[in-house]
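Have a look at target07.csv; it's CSV, C-alpha atoms:
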chain,number,residue,atom,x,y,z
X,25,TYR,CA,20.8,42.2,-12.6
X,26,PHE,CA,19.2,44.1,-9.8
X,27,ARG,CA,17.5,47.5,-10.0
X,28,PRO,CA,15.8,49.0,-7.0
X,29,GLN,CA,12.2,49.9,-7.4
X,30,ASN,CA,12.7,53.3,-5.7
X,31,ASP,CA,15.5,55.9,-6.1
X,32,VAL,CA,18.5,55.1,-3.9
X,33,VAL,CA,20.7,57.8,-2.5
X,34,LEU,CA,24.2,56.6,-1.7
X,35,GLU,CA,26.1,58.9,0.7
X,36,ALA,CA,29.9,59.0,0.8
X,37,GLY,CA,31.5,57.3,3.8
X,38,ASN,CA,28.8,54.7,4.2
X,39,ARG,CA,28.6,51.1,3.3
X,40,TYR,CA,25.3,49.7,2.1
X,41,THR,CA,24.4,46.0,2.3
X,42,TYR,CA,21.4,44.5,0.5
X,43,THR,CA,20.2,41.0,1.3
X,44,VAL,CA,18.8,39.2,-1.8
X,45,LYS,CA,16.9,35.9,-1.3
X,46,VAL,CA,17.0,33.4,-4.1
X,47,ASN,CA,13.9,31.3,-4.4
X,48,ALA,CA,12.1,29.1,-7.0
X,49,THR,CA,10.3,32.0,-8.7
X,50,GLY,CA,13.0,34.7,-8.6
X,51,LEU,CA,14.8,37.1,-6.4
X,52,THR,CA,13.5,39.1,-3.5
X,53,LEU,CA,15.1,42.0,-1.7
X,54,GLU,CA,14.9,42.2,2.1
X,55,GLY,CA,15.9,45.8,2.8
X,56,CYS,CA,19.4,47.2,3.5
X,57,THR,CA,21.7,48.0,6.4
X,58,ILE,CA,24.1,50.8,6.6
X,59,GLY,CA,27.6,50.3,8.2
X,60,GLY,CA,31.0,51.8,8.1
X,61,TRP,CA,33.0,52.2,5.0
X,62,ALA,CA,35.2,49.4,3.8
X,63,ASP,CA,37.4,49.3,0.7
X,64,GLY,CA,36.0,46.7,-1.6
X,65,GLY,CA,38.6,47.0,-4.3
X,66,SER,CA,38.0,48.0,-7.9
X,67,GLU,CA,37.7,46.7,-11.5
X,68,SER,CA,38.2,48.4,-14.8
X,69,GLY,CA,36.5,47.9,-18.1
X,70,ASP,CA,33.1,48.5,-19.8
X,71,ALA,CA,29.9,47.8,-17.9
X,72,GLU,CA,28.0,44.8,-19.3
X,73,GLU,CA,24.9,45.9,-21.3
X,74,LEU,CA,21.6,45.4,-19.6
X,75,ASP,CA,19.2,43.6,-21.9
X,76,TYR,CA,16.0,43.4,-19.9
X,77,ILE,CA,14.5,43.1,-16.4
X,78,TYR,CA,11.6,40.8,-15.8
X,79,ASP,CA,8.9,42.0,-13.5
X,80,GLU,CA,7.1,38.8,-12.3
X,81,SER,CA,4.3,40.7,-10.5
X,82,THR,CA,3.1,42.2,-13.9
X,83,ASN,CA,4.5,39.5,-16.3
X,84,THR,CA,6.4,42.3,-18.0
X,85,TYR,CA,9.8,42.4,-19.8
X,86,ILE,CA,11.4,45.9,-19.3
X,87,VAL,CA,13.6,46.0,-22.4
X,88,TYR,CA,16.8,47.9,-22.9
X,89,SER,CA,18.4,46.4,-26.0
X,90,ALA,CA,17.7,44.5,-29.2
X,91,ASP,CA,18.7,41.2,-27.6
X,92,GLY,CA,16.3,42.0,-24.8
X,93,LEU,CA,13.5,42.5,-27.3
X,94,LEU,CA,14.3,39.2,-29.0
X,95,LEU,CA,14.3,37.4,-25.6
X,96,TRP,CA,10.8,38.9,-24.9
X,97,ALA,CA,9.7,37.5,-28.3
X,98,GLU,CA,10.9,34.1,-27.2
X,99,ALA,CA,9.0,34.4,-24.0
X,100,VAL,CA,5.8,35.2,-25.9
X,101,GLN,CA,6.0,31.8,-27.6
X,102,LYS,CA,5.3,30.2,-24.2
X,103,ASP,CA,2.9,32.9,-22.8
X,104,LYS,CA,1.0,35.0,-25.3
X,105,SER,CA,0.1,37.5,-22.5
X,106,THR,CA,3.7,38.4,-21.7
X,107,ASN,CA,3.9,42.2,-21.6
X,108,CYS,CA,6.8,44.4,-22.9
X,109,THR,CA,7.8,47.9,-22.0
X,110,LEU,CA,10.7,49.6,-23.7
X,111,ALA,CA,13.1,51.4,-21.4
X,112,ALA,CA,15.4,52.6,-24.3
X,113,ASP,CA,15.4,53.1,-28.0
X,114,ILE,CA,16.1,49.8,-29.8
X,115,ASP,CA,18.1,49.3,-33.0
X,116,LEU,CA,17.1,46.1,-34.9
X,117,THR,CA,19.3,46.9,-37.9
X,118,GLY,CA,20.8,43.7,-39.3
X,119,LYS,CA,18.5,41.4,-37.3
X,120,GLU,CA,15.7,39.5,-39.0
X,121,TRP,CA,12.5,39.7,-37.0
X,122,THR,CA,9.9,37.0,-36.8
X,123,PRO,CA,6.4,38.4,-36.2
X,124,ILE,CA,5.0,37.9,-32.8
X,125,CYS,CA,2.1,35.4,-32.9
X,126,THR,CA,1.0,34.5,-36.5
X,127,LYS,CA,-2.1,32.3,-35.8
X,128,SER,CA,-5.6,33.1,-34.6
X,129,SER,CA,-5.3,30.3,-32.1
X,130,LYS,CA,-2.2,31.8,-30.6
X,131,ALA,CA,-2.9,35.5,-30.9
X,132,TYR,CA,-1.0,38.1,-28.7
X,133,THR,CA,-3.1,39.2,-25.8
X,134,GLY,CA,-0.4,41.2,-23.8
X,135,ILE,CA,0.6,44.9,-23.9
X,136,LEU,CA,3.5,46.2,-25.9
X,137,ASP,CA,4.2,49.7,-24.6
X,138,GLY,CA,6.9,51.7,-26.4
X,139,ASP,CA,6.7,54.3,-23.6
X,140,GLY,CA,7.7,56.9,-26.1
X,141,HIS,CA,10.7,55.0,-27.4
X,142,THR,CA,11.7,54.1,-31.0
X,143,ILE,CA,12.5,50.8,-32.7
X,144,THR,CA,14.7,51.3,-35.7
X,145,GLY,CA,15.4,49.0,-38.6
X,146,LEU,CA,12.6,46.5,-38.2
X,147,THR,CA,13.0,44.0,-41.2
X,148,ILE,CA,10.7,41.2,-42.1
X,149,ASN,CA,11.1,39.5,-45.5
X,150,GLN,CA,8.4,36.8,-45.6
X,151,SER,CA,6.6,37.1,-49.0
X,152,SER,CA,4.7,33.9,-48.5
X,153,MET,CA,3.7,34.5,-44.9
X,154,ARG,CA,0.3,35.7,-43.6
X,155,TYR,CA,-0.2,37.8,-40.5
X,156,VAL,CA,3.0,39.9,-40.8
X,157,GLY,CA,4.1,42.9,-38.8
X,158,LEU,CA,5.9,43.6,-35.5
X,159,ILE,CA,2.9,41.8,-34.1
X,160,GLY,CA,1.4,39.3,-36.5
X,161,TYR,CA,-2.0,38.6,-34.8
X,162,LEU,CA,-3.4,40.8,-32.0
X,163,ASP,CA,-6.4,39.6,-30.1
X,164,SER,CA,-8.7,40.9,-27.4
X,165,ASN,CA,-7.0,42.6,-24.5
X,166,GLY,CA,-3.9,42.9,-26.7
X,167,LYS,CA,-2.5,46.4,-27.0
X,168,VAL,CA,0.3,48.2,-28.8
X,169,GLN,CA,0.8,51.8,-27.7
X,170,ASN,CA,3.2,54.8,-27.5
X,171,LEU,CA,5.6,53.3,-30.0
X,172,THR,CA,7.6,54.6,-33.0
X,173,LEU,CA,9.0,52.4,-35.7
X,174,GLU,CA,11.5,54.0,-38.0
X,175,ASN,CA,13.0,52.7,-41.3
X,176,VAL,CA,11.0,49.5,-41.4
X,177,ASN,CA,11.2,47.2,-44.4
X,178,ILE,CA,8.3,44.7,-44.2
X,179,THR,CA,7.2,42.2,-46.8
X,180,GLY,CA,4.5,39.6,-46.4
X,181,ASP,CA,1.6,38.0,-48.2
X,182,TYR,CA,-1.9,38.6,-46.7
X,183,TYR,CA,-2.6,40.7,-43.6
X,184,VAL,CA,0.5,42.8,-43.6
X,185,GLY,CA,0.9,45.9,-41.4
X,186,GLY,CA,3.8,48.0,-40.1
X,187,VAL,CA,2.7,47.5,-36.5
X,188,VAL,CA,0.1,44.7,-36.6
X,189,GLY,CA,-0.8,42.3,-39.4
X,190,PHE,CA,-4.3,41.4,-38.2
X,191,ASN,CA,-5.9,43.3,-35.3
X,192,ASN,CA,-8.8,41.0,-34.4
X,193,SER,CA,-10.2,43.0,-31.4
X,194,GLY,CA,-7.2,44.6,-29.9
X,195,THR,CA,-6.1,48.2,-29.6
X,196,VAL,CA,-3.3,50.1,-31.4
X,197,THR,CA,-2.8,53.6,-30.0
X,198,VAL,CA,-0.3,56.5,-30.6
X,199,CYS,CA,2.0,54.6,-32.9
X,200,LYS,CA,4.2,56.2,-35.6
X,201,ILE,CA,5.8,54.3,-38.4
X,202,SER,CA,8.1,55.1,-41.4
X,203,GLY,CA,9.5,53.0,-44.1
X,204,ASN,CA,8.2,50.4,-46.6
X,205,VAL,CA,5.4,47.9,-46.2
X,206,SER,CA,4.4,45.6,-49.0
X,207,GLY,CA,2.3,42.5,-49.5
X,208,SER,CA,-0.4,40.9,-51.6
X,209,SER,CA,-3.7,41.7,-50.0
X,210,LYS,CA,-4.9,43.6,-46.9
X,211,VAL,CA,-1.8,45.7,-46.5
X,212,GLY,CA,-1.7,48.8,-44.3
X,213,GLY,CA,0.9,51.2,-43.1
X,214,VAL,CA,-0.1,50.6,-39.5
X,215,VAL,CA,-2.5,47.6,-39.6
X,216,GLY,CA,-3.2,45.2,-42.4
X,217,GLN,CA,-6.7,44.1,-41.3
X,218,ASN,CA,-8.5,45.9,-38.5
X,219,SER,CA,-11.4,44.6,-36.5
X,220,GLY,CA,-10.4,46.4,-33.3
X,221,THR,CA,-9.4,50.0,-32.8
X,222,VAL,CA,-6.7,52.1,-34.3
X,223,THR,CA,-6.3,55.5,-32.8
X,224,ALA,CA,-4.0,58.5,-33.2
X,225,CYS,CA,-1.5,56.6,-35.4
X,226,THR,CA,0.7,58.2,-38.1
X,227,ALA,CA,2.2,56.4,-41.1
X,228,TYR,CA,5.0,58.0,-43.1
X,229,ASN,CA,5.2,55.0,-45.4
X,230,SER,CA,5.4,53.8,-48.9
X,231,ILE,CA,2.7,51.1,-49.2
X,232,TYR,CA,2.3,48.5,-52.0
X,233,GLY,CA,-0.1,45.6,-52.5
X,234,LYS,CA,-2.5,44.1,-55.0
X,235,ASN,CA,-5.8,44.9,-53.4
X,236,TYR,CA,-7.2,46.1,-50.0
X,237,VAL,CA,-4.3,48.5,-49.6
X,238,GLY,CA,-4.4,51.5,-47.3
X,239,GLY,CA,-2.0,54.2,-46.0
X,240,ALA,CA,-3.0,53.3,-42.4
X,241,VAL,CA,-5.2,50.2,-42.7
X,242,GLY,CA,-5.8,47.8,-45.6
X,243,GLU,CA,-9.2,46.6,-44.6
X,244,ASN,CA,-11.3,47.9,-41.7
X,245,SER,CA,-14.3,46.5,-40.0
X,246,GLY,CA,-13.5,48.2,-36.7
X,247,THR,CA,-12.7,51.8,-35.7
X,248,VAL,CA,-10.0,54.1,-37.2
X,249,THR,CA,-9.8,57.5,-35.5
X,250,ALA,CA,-7.5,60.5,-35.8
X,251,CYS,CA,-5.0,58.7,-38.0
X,252,ILE,CA,-2.7,60.4,-40.5
X,253,ALA,CA,-1.1,58.7,-43.6
X,254,THR,CA,1.5,60.3,-45.8
X,255,GLY,CA,3.5,58.9,-48.6
X,256,ASN,CA,2.6,56.9,-51.7
X,257,VAL,CA,-0.1,54.2,-51.6
X,258,LYS,CA,-0.1,51.9,-54.6
X,259,GLY,CA,-2.4,48.9,-55.4
X,260,GLU,CA,-2.1,46.8,-58.5
X,261,LYS,CA,-5.9,46.2,-58.6
X,262,ASP,CA,-8.8,47.3,-56.4
X,263,TRP,CA,-9.7,48.9,-53.1
X,264,VAL,CA,-6.9,51.3,-52.5
X,265,GLY,CA,-7.3,54.3,-50.1
X,266,GLY,CA,-5.0,57.0,-48.7
X,267,VAL,CA,-6.1,56.0,-45.2
X,268,VAL,CA,-8.2,52.8,-45.6
X,269,GLY,CA,-8.4,50.5,-48.6
X,270,TYR,CA,-11.8,49.0,-47.9
X,271,ASN,CA,-14.1,50.2,-45.0
X,272,ARG,CA,-16.7,47.4,-44.4
X,273,THR,CA,-20.3,47.8,-43.2
X,274,SER,CA,-19.3,47.7,-39.5
X,275,GLY,CA,-16.3,49.9,-40.0
X,276,THR,CA,-15.9,53.6,-39.0
X,277,VAL,CA,-13.2,56.0,-40.1
X,278,THR,CA,-13.2,59.4,-38.3
X,279,ALA,CA,-11.1,62.5,-38.2
X,280,SER,CA,-8.3,61.0,-40.4
X,281,TYR,CA,-6.6,62.2,-43.6
X,282,HIS,CA,-4.0,61.4,-46.2
X,283,ALA,CA,-1.5,64.0,-47.5
X,284,LEU,CA,1.8,64.4,-49.3
X,285,GLY,CA,1.7,61.4,-51.5
X,286,SER,CA,-0.1,59.7,-54.4
X,287,VAL,CA,-2.9,57.1,-54.2
X,288,SER,CA,-3.2,54.8,-57.2
X,289,GLY,CA,-4.9,51.6,-58.3
X,290,GLU,CA,-7.0,50.1,-61.0
X,291,LYS,CA,-10.5,50.4,-59.5
X,292,TYR,CA,-12.2,51.7,-56.3
X,293,VAL,CA,-9.5,54.2,-55.4
X,294,GLY,CA,-10.0,57.0,-53.0
X,295,GLY,CA,-8.0,59.7,-51.3
X,296,VAL,CA,-9.4,58.6,-47.9
X,297,VAL,CA,-11.2,55.3,-48.5
X,298,GLY,CA,-11.1,53.2,-51.6
X,299,ASN,CA,-14.5,51.5,-51.1
X,300,ASP,CA,-16.8,52.4,-48.2
X,301,SER,CA,-19.7,50.4,-46.9
X,302,GLY,CA,-19.6,51.8,-43.4
X,303,ILE,CA,-19.2,55.3,-41.9
X,304,VAL,CA,-16.6,57.9,-42.9
X,305,THR,CA,-16.8,61.3,-41.2
X,306,THR,CA,-14.6,64.4,-40.9
X,307,CYS,CA,-11.9,63.1,-43.1
X,308,TYR,CA,-10.0,64.6,-46.1
X,309,TRP,CA,-7.1,64.2,-48.5
X,310,SER,CA,-4.9,67.0,-49.8
X,311,ASP,CA,-4.5,65.7,-53.3
X,312,SER,CA,-6.7,64.0,-55.9
X,313,PRO,CA,-6.1,60.2,-56.2
X,314,ASP,CA,-4.8,58.8,-59.4
X,315,ASN,CA,-7.9,56.7,-60.3
X,316,ASP,CA,-8.1,54.7,-63.5
X,317,GLY,CA,-11.4,53.2,-62.5
X,318,ASP,CA,-14.3,54.3,-60.2
X,319,MET,CA,-14.1,56.8,-57.4
X,320,ALA,CA,-15.7,54.9,-54.5
X,321,THR,CA,-15.8,57.7,-51.9
X,322,LYS,CA,-16.0,61.4,-51.9
X,323,VAL,CA,-15.4,62.6,-48.4

How does the structure come out when it is put into structure tokens?
Amino acid sequence: YFRPQNDVVLEAGNRYTYTVKVNATGLTLEGCTIGGWADGGSESGDAEELDYIYDESTNTYIVYSADGLLLWAEAVQKDKSTNCTLAADIDLTGKEWTPICTKSSKAYTGILDGDGHTITGLTINQSSMRYVGLIGYLDSNGKVQNLTLENVNITGDYYVGGVVGFNNSGTVTVCKISGNVSGSSKVGGVVGQNSGTVTACTAYNSIYGKNYVGGAVGENSGTVTACIATGNVKGEKDWVGGVVGYNRTSGTVTASYHALGSVSGEKYVGGVVGNDSGIVTTCYWSDSPDNDGDMATKV
């Protein structure tokens, strides 16, 4: 497939010729010439769907379809810094997704930019797997941004998040997610375990886990800023929060809130944070949590 980098205006009555050079690393375009019109004939039928375009100069897959997204996921297995930009809404309904990068030694370091588009129907059913999410393990320089996930159904074991399972030192910004996320421990609507930054994200989720369960982040030792969580957050045991389940000593939670849903667990349950050892400022919840044990935070 070829798509010009700049807008091309084709005028009636002219014939345009593009010269494309094939080399070892890809295709290059060497300008165009304009000549007189010649009848090239015609064909009928539906145009073939464009799955993706690969931009070698930026190591980026520009994705147009579900198959294109899956091909990007395959490329990441070879190069963990391969970027992806969505050029259209993507429907993954009926397709089983394998989380991108599920080991700390092979963490994702590229940029996934939704560019304002939506991925619908993300499904992961891996109850015995750790590091589960659209991205399993996000490392330094890794980013997920400007992305909406609708109607997700995600199940994992430890480190389970709608967008990222484990955010080691990466960035998750302006992401929205709706659906169901469940796991055993360190389960969050956006990120399961966060040691990086999570900013301006919204989770309209139903979240379930045993402990370290949060509407946005299960366990936080990084920064959570301007995040909103709605929906029910349920933990079987301890450290359950409307926004963050457990905020550790190095963690900060700022300008975030939980609303329009219940927060329940056995012990250390809070409307914003279940248990706080760090800093929580300018946060609130709209309803009192269902707490059968101790209230860990009053923000």

**Asked** Got a sec: who's within 10 Å of Gly118 of chain X, counting all atoms listed in the file, leaving out chain neighbours fewer than 4 positions off, as a list of chain:residue names?
**Response**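 Here the qualifying residues turn out to be X:Gly145, X:Leu146, X:Thr147.
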
**Request:** In Å, rounded to a single decimal, give me how far atom CA of His141 of chain X is from atom CA of Val176 of chain X.
**Result:**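 These two atoms are separated by 15.0 Å.
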
**Prompt:** Between atom CA of Asp75 of chain X and atom CA of Asp103 of chain X, what is the distance, to one decimal in Å?
**Reply:**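 Interatomic distance, atom CA of Asp75 of chain X to atom CA of Asp103 of chain X: 19.5 Å.
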
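You will find atom CA of Val196 of chain X at 12.8 Å from atom CA of Gly160 of chain X.
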
**Asked** Of the candidates X:Val277, X:Val44, X:Ala227, X:Ala112, which one gets nearest to Ala253 of chain X if we count all atoms listed in the file?
**Response**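 Nearest to Ala253 of chain X: X:Ala227.
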
**Request:** Would you mind listing what lies within 6 Å of Ser219 of chain X as an MDAnalysis selection string, with only C-alpha atoms counted and same-chain residues fewer than 5 positions away left out?
**Result:** chainID X and resid 191:193 245:246

**Item:** Who sits within 9 Å of Thr223 of chain X, all atoms listed in the file, same chain under 2 positions skipped, as a VMD selection string
**Value:** chain X and resid 195 to 199 221 225 247 to 251

Name the residues within 9 Å of (16.0, 47.7, -25.4), counting all atoms listed in the file in the file's coordinates, and put them as a tab-separated table (two decimals) with C-alpha atoms, in the frame of the given file.
chain	number	residue	atom	x	y	z
X	74	LEU	CA	21.60	45.40	-19.60
X	75	ASP	CA	19.20	43.60	-21.90
X	76	TYR	CA	16.00	43.40	-19.90
X	86	ILE	CA	11.40	45.90	-19.30
X	87	VAL	CA	13.60	46.00	-22.40
X	88	TYR	CA	16.80	47.90	-22.90
X	89	SER	CA	18.40	46.40	-26.00
X	90	ALA	CA	17.70	44.50	-29.20
X	91	ASP	CA	18.70	41.20	-27.60
X	92	GLY	CA	16.30	42.00	-24.80
X	93	LEU	CA	13.50	42.50	-27.30
X	109	THR	CA	7.80	47.90	-22.00
X	110	LEU	CA	10.70	49.60	-23.70
X	111	ALA	CA	13.10	51.40	-21.40
X	112	ALA	CA	15.40	52.60	-24.30
X	113	ASP	CA	15.40	53.10	-28.00
X	114	ILE	CA	16.10	49.80	-29.80
X	115	ASP	CA	18.10	49.30	-33.00
X	143	ILE	CA	12.50	50.80	-32.70

**Nearest residue to Ile135 of chain X from the set X:Gly166, X:Gly203, X:Gly157, X:Gly238 (distances using all atoms listed in the file)** = X:Gly166

**Message:** Counting only C-alpha atoms, which residues sit no farther than 6 Å from the position (-8.5, 53.2, -44.1) in the file's frame? I'd like them as a list of chain:residue names.
**Reply:**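 Counting only C-alpha atoms, I find these residues within 6 Å of (-8.5, 53.2, -44.1): X:Gly238, X:Ala240, X:Val241, X:Val267, X:Val268, X:Gly269, X:Val297.
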
**Prompt:** Counting all atoms listed in the file, which of X:Val287, X:Ile201, X:Leu158, X:Cys108 gets nearest to Glu120 of chain X?
**Reply:** X:Leu158

**Asked** From the set X:Gly275, X:Gly185, X:Gly302, X:Gly266, which residue has the shortest atom-to-atom contact distance to Ser288 of chain X, counting only C-alpha atoms?
**Response**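 Answer, going by the shortest atom-to-atom distance: X:Gly266.
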
**Residue nearest Gly233 of chain X - candidates X:Ser66, X:Ser129, X:Thr305, X:Ser208, atoms counted: all atoms listed in the file** =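 The answer is X:Ser208, which sits nearest to Gly233 of chain X.
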
**Asked** Leaving out Val257 of chain X and any residue of its chain fewer than 2 positions from it, which residues lie within 9 Å of it when counting all atoms listed in the file, given as a ChimeraX atom specification?
**Response** /X:229-233,237-239,254-255,259,264-267,285-289

**Asked** Of the candidates X:Pro123, X:Gly134, X:Gly69, X:Gly216, which one gets nearest to Ser105 of chain X if we count all atoms listed in the file?
**Response**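 Distance minimum relative to Ser105 of chain X lands on X:Gly134.
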
Written coordinates, C-alpha atoms of segment 87-106 of chain X as a compact mmCIF listing (two decimals), in the first residue's frame:
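File written: out18.txt
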# COMPACT_ATOMS: atom_id res chain seq x y z
CA VAL X 87 -3.10 0.89 12.29
CA TYR X 88 -6.48 0.86 10.53
CA SER X 89 -8.00 -2.50 11.54
CA ALA X 90 -8.03 -5.27 14.12
CA ASP X 91 -5.73 -7.37 11.92
CA GLY X 92 -3.35 -4.43 11.71
CA LEU X 93 -3.28 -4.16 15.51
CA LEU X 94 -2.53 -7.87 15.80
CA LEU X 95 0.30 -7.52 13.28
CA TRP X 96 1.74 -4.69 15.38
CA ALA X 97 1.55 -6.97 18.42
CA GLU X 98 3.57 -9.57 16.51
CA ALA X 99 6.16 -6.96 15.55
CA VAL X 100 6.57 -5.97 19.22
CA GLN X 101 7.72 -9.50 20.01
CA LYS X 102 10.86 -8.75 17.97
CA ASP X 103 11.30 -5.07 18.86
CA LYS X 104 9.83 -3.88 22.17
CA SER X 105 10.17 -0.23 21.10
CA THR X 106 7.88 -0.54 18.04
